[in-house]
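This is structure.cif (mmCIF, C-alpha atoms).
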data_entry
#
loop_
_atom_site.label_atom_id
_atom_site.label_comp_id
_atom_site.auth_asym_id
_atom_site.auth_seq_id
_atom_site.Cartn_x
_atom_site.Cartn_y
_atom_site.Cartn_z
CA MET A 27 0.00 0.00 0.00
CA GLU A 28 1.21 3.48 -0.81
CA THR A 29 -0.05 6.93 0.16
CA LEU A 30 0.06 9.68 -2.44
CA GLU A 31 0.34 12.76 -0.27
CA LYS A 32 1.63 16.29 0.27
CA THR A 33 0.41 17.49 -3.09
CA HIS A 34 -3.21 18.57 -2.97
CA THR A 35 -3.95 21.26 -0.37
CA LYS A 36 -7.73 20.74 -0.16
CA THR A 37 -10.32 17.96 -0.43
CA ILE A 38 -9.72 15.44 -3.23
CA ARG A 39 -13.12 15.13 -4.90
CA ARG A 40 -12.40 12.27 -7.33
CA CYS A 41 -9.68 9.99 -8.68
CA GLU A 42 -9.62 7.64 -11.65
CA PHE A 43 -7.24 5.03 -13.03
CA SER A 44 -6.26 5.45 -16.69
CA LYS A 45 -7.50 2.83 -19.13
CA CYS A 46 -4.18 0.93 -19.05
CA ASP A 47 -3.98 1.16 -15.21
CA THR A 48 -0.53 2.80 -15.30
CA MET A 49 -1.74 6.27 -14.32
CA ILE A 50 -4.10 7.84 -11.78
CA ALA A 51 -5.68 11.27 -12.19
CA THR A 52 -6.75 13.05 -8.98
CA VAL A 53 -8.77 16.27 -8.86
CA SER A 54 -9.12 18.57 -5.90
CA PHE A 55 -10.96 21.55 -4.48
CA ASP A 56 -7.52 23.26 -4.64
CA ALA A 57 -8.22 23.76 -8.41
CA THR A 58 -5.50 21.38 -9.60
CA THR A 59 -5.42 17.99 -11.32
CA CYS A 60 -2.52 15.67 -10.49
CA ILE A 61 -1.34 12.85 -12.74
CA TRP A 62 0.45 9.98 -11.01
CA ASP A 63 2.46 7.38 -12.90
CA LYS A 64 3.48 3.86 -11.93
CA GLY A 65 6.89 4.41 -13.47
CA GLY A 66 6.56 1.98 -16.37
CA GLN A 67 6.35 -1.07 -14.10
CA ALA A 68 2.74 -1.79 -14.92
CA SER A 69 2.90 -5.39 -13.71
CA ALA A 70 4.87 -4.88 -10.49
CA THR A 71 2.56 -4.73 -7.48
CA ASP A 72 5.11 -2.86 -5.38
CA ALA A 73 5.78 -0.19 -8.00
CA GLU A 74 6.00 3.35 -6.69
CA TRP A 75 3.64 6.01 -7.92
CA ASP A 76 5.26 9.30 -8.92
CA LEU A 77 3.63 12.63 -9.53
CA VAL A 78 4.40 13.35 -13.18
CA VAL A 79 2.45 16.55 -13.80
CA THR A 80 0.05 19.02 -12.18
CA LEU A 81 -2.55 20.52 -14.49
CA GLU A 82 -3.65 24.06 -13.74
CA GLY A 83 -6.37 26.11 -15.36
CA HIS A 84 -9.59 25.79 -13.41
CA GLU A 85 -10.40 28.86 -11.33
CA SER A 86 -11.86 27.04 -8.33
CA GLU A 87 -12.87 23.59 -7.02
CA ILE A 88 -12.54 20.74 -9.52
CA LYS A 89 -15.31 18.20 -9.03
CA ASP A 90 -14.74 15.35 -11.45
CA VAL A 91 -12.26 13.74 -13.82
CA ALA A 92 -12.67 11.06 -16.50
CA TRP A 93 -10.37 9.35 -18.98
CA SER A 94 -11.79 8.89 -22.49
CA PRO A 95 -12.51 5.31 -23.66
CA ASP A 96 -9.50 5.37 -26.03
CA GLY A 97 -7.29 6.54 -23.14
CA GLU A 98 -6.02 9.60 -25.01
CA LEU A 99 -8.10 12.32 -23.39
CA LEU A 100 -8.82 13.52 -19.90
CA ALA A 101 -11.84 15.67 -19.03
CA THR A 102 -12.15 17.76 -15.84
CA CYS A 103 -15.00 19.96 -14.59
CA GLY A 104 -15.71 22.22 -11.65
CA ARG A 105 -17.35 25.09 -9.85
CA ASP A 106 -16.11 27.59 -12.46
CA LYS A 107 -18.87 26.13 -14.74
CA SER A 108 -16.32 24.93 -17.30
CA ILE A 109 -15.15 21.56 -18.63
CA TRP A 110 -11.53 21.19 -19.78
CA ILE A 111 -10.40 18.58 -22.30
CA TRP A 112 -6.75 17.54 -22.04
CA LEU A 113 -4.77 15.50 -24.61
CA LYS A 114 -2.16 13.10 -23.24
CA GLU A 115 1.04 13.46 -25.22
CA ILE A 116 3.82 10.89 -25.56
CA ASP A 117 6.14 12.28 -22.87
CA ASP A 118 3.54 12.39 -20.07
CA GLN A 119 2.69 15.99 -20.90
CA PHE A 120 -0.88 17.18 -21.29
CA GLU A 121 -2.14 19.79 -23.69
CA CYS A 122 -5.46 21.56 -23.21
CA LEU A 123 -7.49 20.98 -26.38
CA ASP A 124 -10.70 22.78 -25.48
CA VAL A 125 -12.53 24.56 -22.67
CA LEU A 126 -16.28 23.96 -22.79
CA GLN A 127 -18.56 26.71 -21.52
CA GLY A 128 -22.32 26.31 -21.38
CA HIS A 129 -23.43 25.27 -17.94
CA THR A 130 -24.69 28.20 -15.87
CA GLN A 131 -23.56 26.73 -12.51
CA ASP A 132 -21.09 24.19 -11.00
CA VAL A 133 -20.47 21.13 -13.15
CA LYS A 134 -20.79 18.28 -10.64
CA SER A 135 -19.71 15.34 -12.76
CA LEU A 136 -18.93 14.04 -16.22
CA ARG A 137 -18.64 10.71 -18.09
CA TRP A 138 -17.48 9.74 -21.55
CA VAL A 139 -19.93 7.64 -23.58
CA PRO A 140 -18.27 4.20 -24.03
CA LYS A 141 -16.69 3.59 -27.46
CA THR A 142 -17.09 7.25 -28.49
CA ARG A 143 -15.51 10.67 -28.01
CA ALA A 144 -18.78 12.13 -26.75
CA LEU A 145 -18.97 13.53 -23.23
CA VAL A 146 -21.93 13.89 -20.86
CA SER A 147 -21.91 16.44 -18.02
CA ALA A 148 -24.21 17.04 -15.05
CA SER A 149 -24.66 20.28 -13.12
CA TYR A 150 -26.03 22.27 -10.19
CA ASP A 151 -28.02 24.11 -12.89
CA ASN A 152 -30.31 20.99 -12.99
CA THR A 153 -29.29 20.08 -16.56
CA ILE A 154 -27.35 17.36 -18.35
CA LYS A 155 -25.40 18.41 -21.45
CA ILE A 156 -24.10 16.25 -24.31
CA TRP A 157 -20.89 17.35 -26.01
CA ASN A 158 -19.97 15.84 -29.40
CA GLU A 159 -16.49 16.14 -30.86
CA CYS A 160 -15.72 17.75 -34.20
CA ASN A 161 -12.02 18.28 -35.10
CA ASP A 162 -10.73 18.52 -31.53
CA GLU A 163 -13.58 20.83 -30.54
CA TRP A 164 -16.51 19.78 -28.42
CA LEU A 165 -19.90 21.29 -29.14
CA CYS A 166 -22.90 21.15 -26.88
CA THR A 167 -25.46 19.36 -29.03
CA GLN A 168 -28.13 18.74 -26.42
CA THR A 169 -29.21 20.26 -23.09
CA LEU A 170 -31.56 18.03 -21.11
CA ASP A 171 -33.62 20.29 -18.88
CA THR A 172 -37.21 20.20 -17.64
CA ALA A 173 -38.42 20.69 -21.24
CA TYR A 174 -36.98 17.18 -21.89
CA GLN A 175 -38.58 15.85 -18.66
CA GLY A 176 -35.10 16.15 -17.15
CA HIS A 177 -34.10 16.80 -13.54
CA GLU A 178 -35.63 19.45 -11.28
CA SER A 179 -32.67 19.63 -8.88
CA THR A 180 -28.86 19.34 -8.86
CA VAL A 181 -27.70 16.41 -11.00
CA TRP A 182 -24.93 14.80 -8.94
CA ASN A 183 -23.62 11.86 -10.96
CA LEU A 184 -23.89 9.83 -14.16
CA ALA A 185 -23.25 6.21 -15.17
CA CYS A 186 -23.26 4.41 -18.52
CA ASN A 187 -23.73 0.69 -19.07
CA GLN A 188 -20.77 -1.18 -20.54
CA GLU A 189 -22.31 -1.37 -24.02
CA GLY A 190 -22.78 2.39 -24.08
CA SER A 191 -26.47 2.09 -24.94
CA LYS A 192 -27.92 3.52 -21.72
CA LEU A 193 -27.14 6.23 -19.19
CA LEU A 194 -28.38 6.87 -15.65
CA SER A 195 -28.40 10.23 -13.88
CA CYS A 196 -29.17 10.84 -10.19
CA ASP A 197 -30.20 14.02 -8.41
CA ASP A 198 -30.60 15.92 -5.16
CA THR A 199 -34.19 14.78 -4.50
CA GLY A 200 -33.52 11.05 -4.96
CA MET A 201 -34.69 10.80 -8.60
CA ILE A 202 -32.84 8.53 -11.03
CA LEU A 203 -33.45 9.05 -14.74
CA LEU A 204 -32.78 6.36 -17.34
CA TRP A 205 -31.79 7.58 -20.81
CA SER A 206 -31.15 5.64 -24.00
CA ILE A 207 -27.99 6.64 -25.87
CA GLU A 208 -28.67 6.90 -29.58
CA THR A 209 -26.42 7.84 -32.46
CA CYS A 210 -27.82 10.15 -35.10
CA ASP A 211 -25.54 11.36 -37.95
CA SER A 212 -22.49 10.20 -35.93
CA SER A 213 -23.67 12.45 -33.09
CA VAL A 214 -24.64 11.02 -29.69
CA GLU A 215 -28.12 11.86 -28.41
CA LEU A 216 -30.01 10.99 -25.24
CA LYS A 217 -33.70 10.10 -25.02
CA LEU A 218 -35.62 9.66 -21.78
CA VAL A 219 -36.73 6.10 -21.05
CA SER A 220 -38.05 6.36 -17.50
CA ARG A 221 -38.07 8.48 -14.35
CA ASN A 222 -37.41 6.44 -11.21
CA LYS A 223 -37.77 7.34 -7.55
CA VAL A 224 -36.01 5.46 -4.76
CA PRO A 225 -37.87 5.22 -1.43
CA SER A 226 -35.70 7.90 0.24
CA ASP A 227 -35.95 11.66 -0.48
CA PHE A 228 -32.27 12.22 0.28
CA SER A 229 -29.69 13.26 -2.31
CA ILE A 230 -28.11 10.49 -4.36
CA TYR A 231 -24.47 11.55 -4.68
CA SER A 232 -23.11 8.64 -6.67
CA ILE A 233 -24.17 6.00 -9.17
CA ASP A 234 -22.24 3.24 -10.94
CA TRP A 235 -23.09 0.47 -13.36
CA ALA A 236 -21.25 -2.89 -13.18
CA SER A 237 -20.41 -5.01 -16.21
CA SER A 238 -22.79 -7.59 -14.68
CA GLY A 239 -25.66 -5.15 -15.20
CA LEU A 240 -26.11 -4.40 -11.50
CA ILE A 241 -26.38 -0.73 -10.49
CA ALA A 242 -25.16 0.77 -7.19
CA ILE A 243 -26.12 4.12 -5.65
CA GLY A 244 -24.65 5.98 -2.68
CA SER A 245 -26.90 8.40 -0.80
CA ALA A 246 -26.96 11.23 1.74
CA ASP A 247 -29.03 8.99 4.05
CA ASN A 248 -25.84 6.90 4.64
CA SER A 249 -27.19 4.00 2.56
CA ILE A 250 -25.95 2.06 -0.43
CA SER A 251 -28.58 0.43 -2.67
CA LEU A 252 -28.30 -2.11 -5.45
CA LEU A 253 -30.72 -1.79 -8.36
CA GLN A 254 -31.38 -3.45 -11.68
CA LEU A 255 -33.25 -2.70 -14.87
CA GLU A 256 -36.58 -4.33 -15.42
CA ARG A 257 -39.05 -4.16 -18.27
CA SER A 258 -42.06 -2.22 -17.06
CA GLU A 259 -45.52 -3.69 -17.50
CA GLY A 260 -48.12 -1.44 -19.03
CA GLY A 261 -47.13 2.20 -19.11
CA ALA A 262 -46.87 4.21 -22.28
CA ALA A 263 -46.90 1.68 -25.11
CA GLY A 264 -46.17 2.59 -28.70
CA GLU A 265 -43.38 2.15 -31.19
CA GLU A 266 -41.02 4.72 -29.66
CA ALA A 267 -41.31 3.30 -26.12
CA ASP A 268 -40.89 -0.26 -27.45
CA LYS A 269 -37.71 0.61 -29.26
CA ARG A 270 -36.19 2.09 -26.13
CA GLY A 271 -37.15 -0.95 -24.07
CA ASN A 272 -39.63 0.69 -21.72
CA GLU A 273 -37.39 -0.18 -18.78
CA ILE A 274 -37.53 0.96 -15.18
CA LEU A 275 -35.26 0.55 -12.14
CA LYS A 276 -36.06 -1.98 -9.48
CA LEU A 277 -34.55 -2.02 -5.98
CA VAL A 278 -32.70 -5.28 -5.34
CA LYS A 279 -31.20 -4.56 -1.91
CA GLU A 280 -30.66 -1.62 0.40
CA VAL A 281 -27.77 -1.49 2.90
CA LYS A 282 -28.90 1.02 5.53
CA GLN A 283 -26.12 2.79 7.48
CA ALA A 284 -23.50 1.51 5.04
CA HIS A 285 -21.40 4.41 6.35
CA ALA A 286 -21.79 6.60 9.45
CA GLY A 287 -22.27 9.63 7.19
CA ASP A 288 -23.17 10.60 3.61
CA VAL A 289 -22.02 8.09 1.00
CA ASN A 290 -20.14 10.24 -1.50
CA CYS A 291 -18.95 7.66 -4.00
CA VAL A 292 -19.63 4.06 -5.06
CA ARG A 293 -17.60 2.31 -7.77
CA PHE A 294 -17.54 -1.30 -9.00
CA ASN A 295 -14.22 -2.95 -9.76
CA PRO A 296 -14.11 -2.85 -13.59
CA LYS A 297 -12.59 -6.35 -13.74
CA ASP A 298 -14.52 -7.98 -10.91
CA PRO A 299 -18.18 -6.88 -10.76
CA ASN A 300 -18.54 -8.73 -7.44
CA LEU A 301 -16.42 -6.06 -5.75
CA LEU A 302 -17.73 -2.60 -4.84
CA ALA A 303 -15.82 0.27 -3.19
CA SER A 304 -17.55 3.08 -1.31
CA ALA A 305 -16.35 6.32 0.29
CA GLY A 306 -18.17 8.22 3.03
CA ASP A 307 -18.19 11.33 5.16
CA ASP A 308 -17.13 9.03 8.02
CA GLU A 309 -13.67 9.19 6.38
CA LEU A 310 -13.74 5.48 5.56
CA VAL A 311 -13.31 3.59 2.33
CA LYS A 312 -15.19 0.29 2.44
CA LEU A 313 -14.94 -2.73 0.15
CA TRP A 314 -18.06 -4.84 -0.33
CA ARG A 315 -18.61 -8.27 -1.86
CA ILE A 316 -21.85 -8.07 -3.80
CA ASN A 317 -22.55 -11.76 -3.05
CA ASP A 318 -22.41 -11.00 0.68
CA ILE A 319 -24.78 -8.04 0.34
CA LEU A 320 -27.27 -10.11 -1.64
CA SER A 321 -27.17 -13.22 0.56
CA GLU B 21 -11.49 -9.33 12.68
CA GLY B 22 -11.35 -6.18 14.82
CA ALA B 23 -7.55 -6.20 14.75
CA ASN B 24 -7.56 -6.59 10.96
CA ARG B 25 -9.91 -3.70 10.63
CA GLY B 26 -7.69 -1.69 12.94
CA ALA B 27 -4.64 -2.41 10.83
CA LEU B 28 -6.53 -1.52 7.69
CA LEU B 29 -7.82 1.71 9.17
CA GLY B 30 -4.40 2.47 10.57
CA ASN B 31 -3.02 2.25 7.08
CA TYR B 32 -5.70 4.45 5.63
CA LEU B 33 -6.07 7.05 8.30
CA GLY B 34 -3.15 6.79 10.68
CA ASP B 35 -3.32 5.14 14.11
CA GLY B 36 -4.72 8.25 15.78
CA ALA B 37 -7.81 8.07 13.62
CA TYR B 38 -8.33 4.41 14.54
CA ALA B 39 -8.10 5.23 18.24
CA ALA B 40 -10.67 7.99 17.73
CA THR B 41 -12.99 5.56 15.93
CA LEU B 42 -12.68 3.08 18.78
CA GLN B 43 -13.42 5.72 21.38
CA GLU B 44 -16.49 6.84 19.47
CA GLU B 45 -17.77 3.26 19.27
CA GLU B 46 -17.26 2.74 22.99
CA GLY B 47 -18.94 5.99 23.95
CA SER B 48 -21.90 5.58 21.62
CA ASP B 49 -24.14 4.10 24.33
CA GLU B 50 -24.26 7.37 26.21
CA ARG B 51 -25.99 9.22 23.42
CA GLU B 52 -27.96 12.21 24.66
CA PRO B 53 -31.24 12.96 22.90
CA ILE B 54 -31.45 16.42 21.35
CA ASP B 55 -34.62 18.51 20.97
CA SER B 56 -35.64 21.74 19.24
CA ILE B 57 -35.10 23.78 22.40
CA GLU B 58 -31.48 22.70 22.58
CA VAL B 59 -30.93 23.55 18.91
CA PHE B 60 -32.58 26.95 19.51
CA GLU B 61 -30.28 27.60 22.50
CA HIS B 62 -27.30 27.20 20.17
CA ILE B 63 -28.51 29.59 17.45
CA ARG B 64 -30.65 32.24 19.25
CA ASP B 65 -27.69 34.49 20.08
CA ILE B 66 -26.14 34.52 16.59
CA ALA B 67 -25.64 38.22 15.69
CA ASP B 68 -27.39 39.63 12.66
CA PRO B 69 -24.74 40.61 10.07
CA GLU B 70 -26.24 44.10 9.69
CA HIS B 71 -27.94 45.01 12.96
CA PRO B 72 -26.71 45.11 16.56
CA TYR B 73 -29.32 42.49 17.50
CA SER B 74 -29.46 38.72 17.73
CA LEU B 75 -31.45 36.48 15.35
CA GLU B 76 -33.90 35.82 18.18
CA GLN B 77 -34.40 39.53 18.92
CA LEU B 78 -35.16 40.22 15.26
CA GLY B 79 -37.59 37.28 15.09
CA ILE B 80 -35.49 35.53 12.42
CA VAL B 81 -35.38 32.28 14.38
CA SER B 82 -37.77 30.82 16.95
CA HIS B 83 -37.90 27.44 18.60
CA GLU B 84 -41.29 26.67 16.98
CA ASP B 85 -39.60 26.84 13.58
CA ILE B 86 -37.07 24.14 14.41
CA LYS B 87 -38.09 20.53 13.84
CA VAL B 88 -35.99 17.77 15.38
CA ASP B 89 -36.43 14.01 15.01
CA ASP B 90 -33.78 12.61 17.32
CA VAL B 91 -34.43 8.96 16.40
CA LYS B 92 -34.17 9.55 12.65
CA GLY B 93 -31.34 12.04 13.20
CA VAL B 94 -32.99 14.92 11.33
CA ILE B 95 -32.89 18.67 12.13
CA ASP B 96 -34.86 21.15 9.98
CA VAL B 97 -34.37 24.84 10.75
CA TYR B 98 -36.72 27.38 9.13
CA PHE B 99 -35.67 31.03 9.35
CA THR B 100 -37.45 34.24 8.37
CA PRO B 101 -35.45 37.29 7.23
CA THR B 102 -36.77 40.71 8.35
CA VAL B 103 -37.46 41.75 4.73
CA ALA B 104 -38.25 39.63 1.66
CA HIS B 105 -35.34 41.02 -0.39
CA CYS B 106 -32.79 40.72 2.45
CA SER B 107 -29.38 40.45 0.80
CA MET B 108 -27.96 38.80 3.91
CA ALA B 109 -30.31 35.77 3.84
CA THR B 110 -27.61 33.40 2.56
CA LEU B 111 -25.07 34.61 5.13
CA ILE B 112 -27.59 34.23 7.98
CA GLY B 113 -28.40 30.69 6.82
CA LEU B 114 -24.70 29.90 6.54
CA CYS B 115 -24.13 31.10 10.14
CA ILE B 116 -26.96 28.86 11.41
CA ARG B 117 -25.53 25.90 9.52
CA ALA B 118 -21.95 26.56 10.66
CA LYS B 119 -23.05 26.79 14.30
CA ILE B 120 -24.99 23.51 14.13
CA MET B 121 -22.08 21.77 12.37
CA ARG B 122 -19.71 22.90 15.12
CA VAL B 123 -21.72 21.96 18.19
CA LEU B 124 -24.07 19.09 17.36
CA PRO B 125 -23.11 15.46 16.64
CA SER B 126 -22.49 14.59 13.01
CA ARG B 127 -25.18 11.87 13.11
CA PHE B 128 -27.76 14.59 12.36
CA LYS B 129 -28.82 15.43 8.80
CA VAL B 130 -29.37 19.17 8.88
CA LYS B 131 -31.58 21.24 6.60
CA VAL B 132 -31.53 25.05 6.88
CA VAL B 133 -34.22 26.70 4.76
CA LEU B 134 -36.15 29.96 4.50
CA SER B 135 -39.71 29.92 5.84
CA LYS B 136 -42.09 29.47 2.95
CA GLY B 137 -42.76 32.72 1.11
CA SER B 138 -40.34 34.74 3.26
CA HIS B 139 -37.86 35.69 0.56
CA SER B 140 -37.86 36.82 -3.06
CA THR B 141 -35.18 34.33 -4.14
CA GLU B 142 -36.23 31.59 -1.72
CA GLU B 143 -35.48 28.65 -4.01
CA ALA B 144 -31.96 29.80 -4.99
CA VAL B 145 -31.00 30.58 -1.38
CA ASN B 146 -32.31 27.21 -0.13
CA LYS B 147 -30.45 25.37 -2.87
CA GLN B 148 -27.16 27.05 -1.98
CA LEU B 149 -27.59 26.49 1.75
CA ASN B 150 -28.25 22.79 1.32
CA ASP B 151 -25.53 21.90 -1.18
CA LYS B 152 -22.81 20.56 1.10
CA GLU B 153 -20.03 21.41 -1.32
CA ARG B 154 -21.17 25.02 -1.62
CA VAL B 155 -21.38 25.30 2.17
CA LEU B 156 -17.90 23.84 2.71
CA ALA B 157 -16.42 26.01 -0.03
CA ALA B 158 -18.00 29.09 1.54
CA LEU B 159 -16.59 28.22 4.95
CA GLU B 160 -13.12 27.73 3.44
CA ASN B 161 -13.20 31.26 2.04
CA PRO B 162 -11.21 33.38 4.57
CA ASN B 163 -13.31 36.55 4.14
CA LEU B 164 -16.60 34.73 4.47
CA LEU B 165 -15.34 32.68 7.40
CA GLN B 166 -14.35 35.88 9.19
CA LEU B 167 -17.89 37.25 8.75
CA VAL B 168 -19.42 33.98 9.99
CA ASN B 169 -17.13 33.88 13.03
CA LYS B 170 -18.04 37.46 13.91
CA CYS B 171 -21.76 36.58 13.86
CA LEU B 172 -21.16 33.44 15.92
CA ALA B 173 -18.97 35.14 18.56
CA PRO B 174 -21.89 36.03 20.92
CA THR B 175 -22.99 32.37 20.94
CA GLU B 176 -19.61 31.29 22.25
CA ALA B 177 -19.33 33.85 25.04
CA ALA B 178 -21.80 32.19 27.44
#

Just give me the structure as C-alpha cells.
Amino acid sequence: METLEKTHTKTIRRCEFSKCDTMIATVSFDATTCIWDKGGQASATDAEWDLVVTLEGHESEIKDVAWSPDGELLATCGRDKSIWIWLKEIDDQFECLDVLQGHTQDVKSLRWVPKTRALVSASYDNTIKIWNECNDEWLCTQTLDTAYQGHESTVWNLACNQEGSKLLSCDDTGMILLWSIETCDSSVELKLVSRNKVPSDFSIYSIDWASSGLIAIGSADNSISLLQLERSEGGAAGEEADKRGNEILKLVKEVKQAHAGDVNCVRFNPKDPNLLASAGDDELVKLWRINDILS
Amino acid sequence: EGANRGALLGNYLGDGAYAATLQEEEGSDEREPIDSIEVFEHIRDIADPEHPYSLEQLGIVSHEDIKVDDVKGVIDVYFTPTVAHCSMATLIGLCIRAKIMRVLPSRFKVKVVLSKGSHSTEEAVNKQLNDKERVLAALENPNLLQLVNKCLAPTEAA
C-alpha cells in the first residue's frame, strides 16, 4: 500500500485510473489535477507512484475527472462552470485541447460515452449536457432540462452501461433518470426512457453500473442500494417506447447505514463486478462483496 | 477481525484516527437525545450581520420553527429574514448551519431553509444552503469565514 500525499492542499473530490492502469488522475478543491504514474512497471505490485504533472487552469474547485474510452483524453470539470479537455502526449505531458462553456452553474460530474468521443456532463443548474467532438472541438449538441422531462434539482452523478447504450443520472431529490444513448448522424443523443424514484428523499451523490448489469447508488441517508433494470408492464406503449425498451429501475437490496455519514462515492471494480468500493463522510473507504450483500 | 480492521484503518487514516474511531464506538451508548429547544439555544444568540441584534431579537429564528427528530437524526431549521429582499439571507443561513455543524453530533442530517414565502429568491438561497459542497467552499473562504465567526462570537461567550 502506498499513500500519495503532500500534493493537494484541499479535499480530493475524485480519482480515476487510466484505461491501461498505469496512471491515476486526482482532482481537488484546490483547483488542480494531479497525474500519477506507476513508473513503467505496470505489472509490479510494489511499483511506486510518482507525480508526473500538475494541471492548472480551473479557477476554483474541480469536481470530477474522466479518462476517455481510447485513453487519449482527460476531461475535468468544476465550480467555475467549465469543462476542460486535455490530450495526453507521448512524454507524459498534457495539452489543453478545449474549454467547454455552457453550464450556468457548478459542473458536478462528467462521463465519456463508451466507445465514443462524446462527453456527458451534469450540473447544479439541474441540466445534463451532451458534447460531441468535431475536429478537436466539443460542441454542446443537447441540453436536457425540464423541457426534456429532465431533472428538477442538482444532477450529482452519471453512469453508462458497458455497451454504451444507456445512461443513468441521479439528483438531489432522490430521482434517477434512465436515458437511452442513440447515435444520429455520428452524433450522440439521449432520449428519456423512465423516471425512477427510490424510497428515500435524500440526495443520491453517486451511481455506478457494473459489467454484470447491476447498479449501485450511494446516498446522503448513509445508505448504499443495489438496483437493476426491469421491463415495465403497461405504461406508455407505442413504437417509440418499445424501441427504447420501456425499462424501469427496481430495488434489489438496500444497505442502511453503510457508512456513518453521507455516502459520497460508489464504484464497481471494472474487472470484478462482485467487488464494490464506497467512500463516506465518516472518512472510511469500504470494500463490499456483492454476493455478501445479496445473501 | 477487529484487529484486521484496525490495521486496515491504521493504514488508511493513521493510528490516531483508529483510536478515535474506537473511542467513538465505545462511547456511543451514552448518546444524549437532542430537541428543538437545545438547537434553539445554540442559534438564538447569533448576531445579525447588519444590525446590533441577535437572530432571536429580530424574530429571524424561533424554537417553533425548528423541527428535530432525534431517532431519525434529522434537524430542519426554518428562518425568516426581516425583509423579503434581504441580501444577507444566505449569510444568515450559513451562520446557522456553521453553528450547528460545530456543536451538534455529526449523526444529524441538517436542513436550513427559509420559511415558505419569506424571501424573493427563496429557491436559490435554499439550494445554496443545502448543497454541502457550496457550504464547505464558503466556509473555506477566509473573508466569508471571518464574517461567519463574527456573527457566531456572541454564541460562544456564554

Give me the result of the PyMOL selection byres ((chain A) within 9 of (chain B)) on this file, residue by residue, as a ChimeraX atom specification.
/A:27,29,55,87,179-180,198,246-247,286-287,309-311

For the PyMOL selection byres ((chain B and resi 168-175) around 12), applied here, can you spell out every residue it catches as a ChimeraX atom specification?
/B:60-76,108,110-120,122-123,155,158-167,176-178

Distance atom CA of A:Trp62-atom CA of A:Val78, one decimal place?
5.6 Å

Could you tell me which residues the PyMOL selection byres ((chain B and resi 135-138) around 7) grabs in this file, written as number ranges by chain?
B: 98-101, 104, 133-134, 139

Could you write out as JSON the box around stretch 277-282 of chain A (axis-aligned, all atoms listed in the file, 4 Å on each side), with centre and edge lengths in Å to one decimal?
{"center_x": -31.2, "center_y": -2.1, "center_z": -0.2, "size_x": 14.8, "size_y": 14.3, "size_z": 19.5}

Can you work out the spacing between atom CA of A:Lys282 and atom CA of B:Ile54 in Å, to one decimal?
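Pair atom CA of A:Lys282 / atom CA of B:Ile54 returns 22.2 Å.
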
Which polymer residues, whether protein, DNA or RNA, lie within 10 Å of the coordinate (-3.3, 2.2, -18.6) when you count all atoms listed in the file? List them as a JSON list (two decimals) with C-alpha atoms, in the coordinates of the input, using the chain letters and numbers from the file.
[["chain", "number", "residue", "atom", "x", "y", "z"],
["A", 43, "PHE", "CA", -7.24, 5.03, -13.03],
["A", 44, "SER", "CA", -6.26, 5.45, -16.69],
["A", 45, "LYS", "CA", -7.50, 2.83, -19.13],
["A", 46, "CYS", "CA", -4.18, 0.93, -19.05],
["A", 47, "ASP", "CA", -3.98, 1.16, -15.21],
["A", 48, "THR", "CA", -0.53, 2.80, -15.30],
["A", 49, "MET", "CA", -1.74, 6.27, -14.32],
["A", 50, "ILE", "CA", -4.10, 7.84, -11.78],
["A", 63, "ASP", "CA", 2.46, 7.38, -12.90],
["A", 64, "LYS", "CA", 3.48, 3.86, -11.93],
["A", 68, "ALA", "CA", 2.74, -1.79, -14.92],
["A", 97, "GLY", "CA", -7.29, 6.54, -23.14]]

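Interatomic distance, atom CA of A:Leu77 against atom CA of A:Lys297: 25.3 Å.
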
If we count only C-alpha atoms, what is near B:Pro53 at a cut-off of 10 Å, once residues fewer than 4 positions away on the same chain are taken out, given as a ChimeraX atom specification?
/B:58,89-91,93

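Take the candidates A:Leu216, A:Cys186, A:Thr172, A:Asn152 and check each one against A:Thr199 using all atoms listed in the file; the shortest distance goes to A:Asn152.
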
Neighbours of A:Ala101 within 7 Å (only C-alpha atoms; same-chain residues fewer than 5 positions away dropped), as a count of residues only?
7

For a quick check of understanding, using only C-alpha atoms, which of A:Pro299, A:Gly104, A:Gly65, A:Gly83 has the smallest distance to A:Arg39?
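Selected residue with least distance to A:Arg39: A:Gly104.
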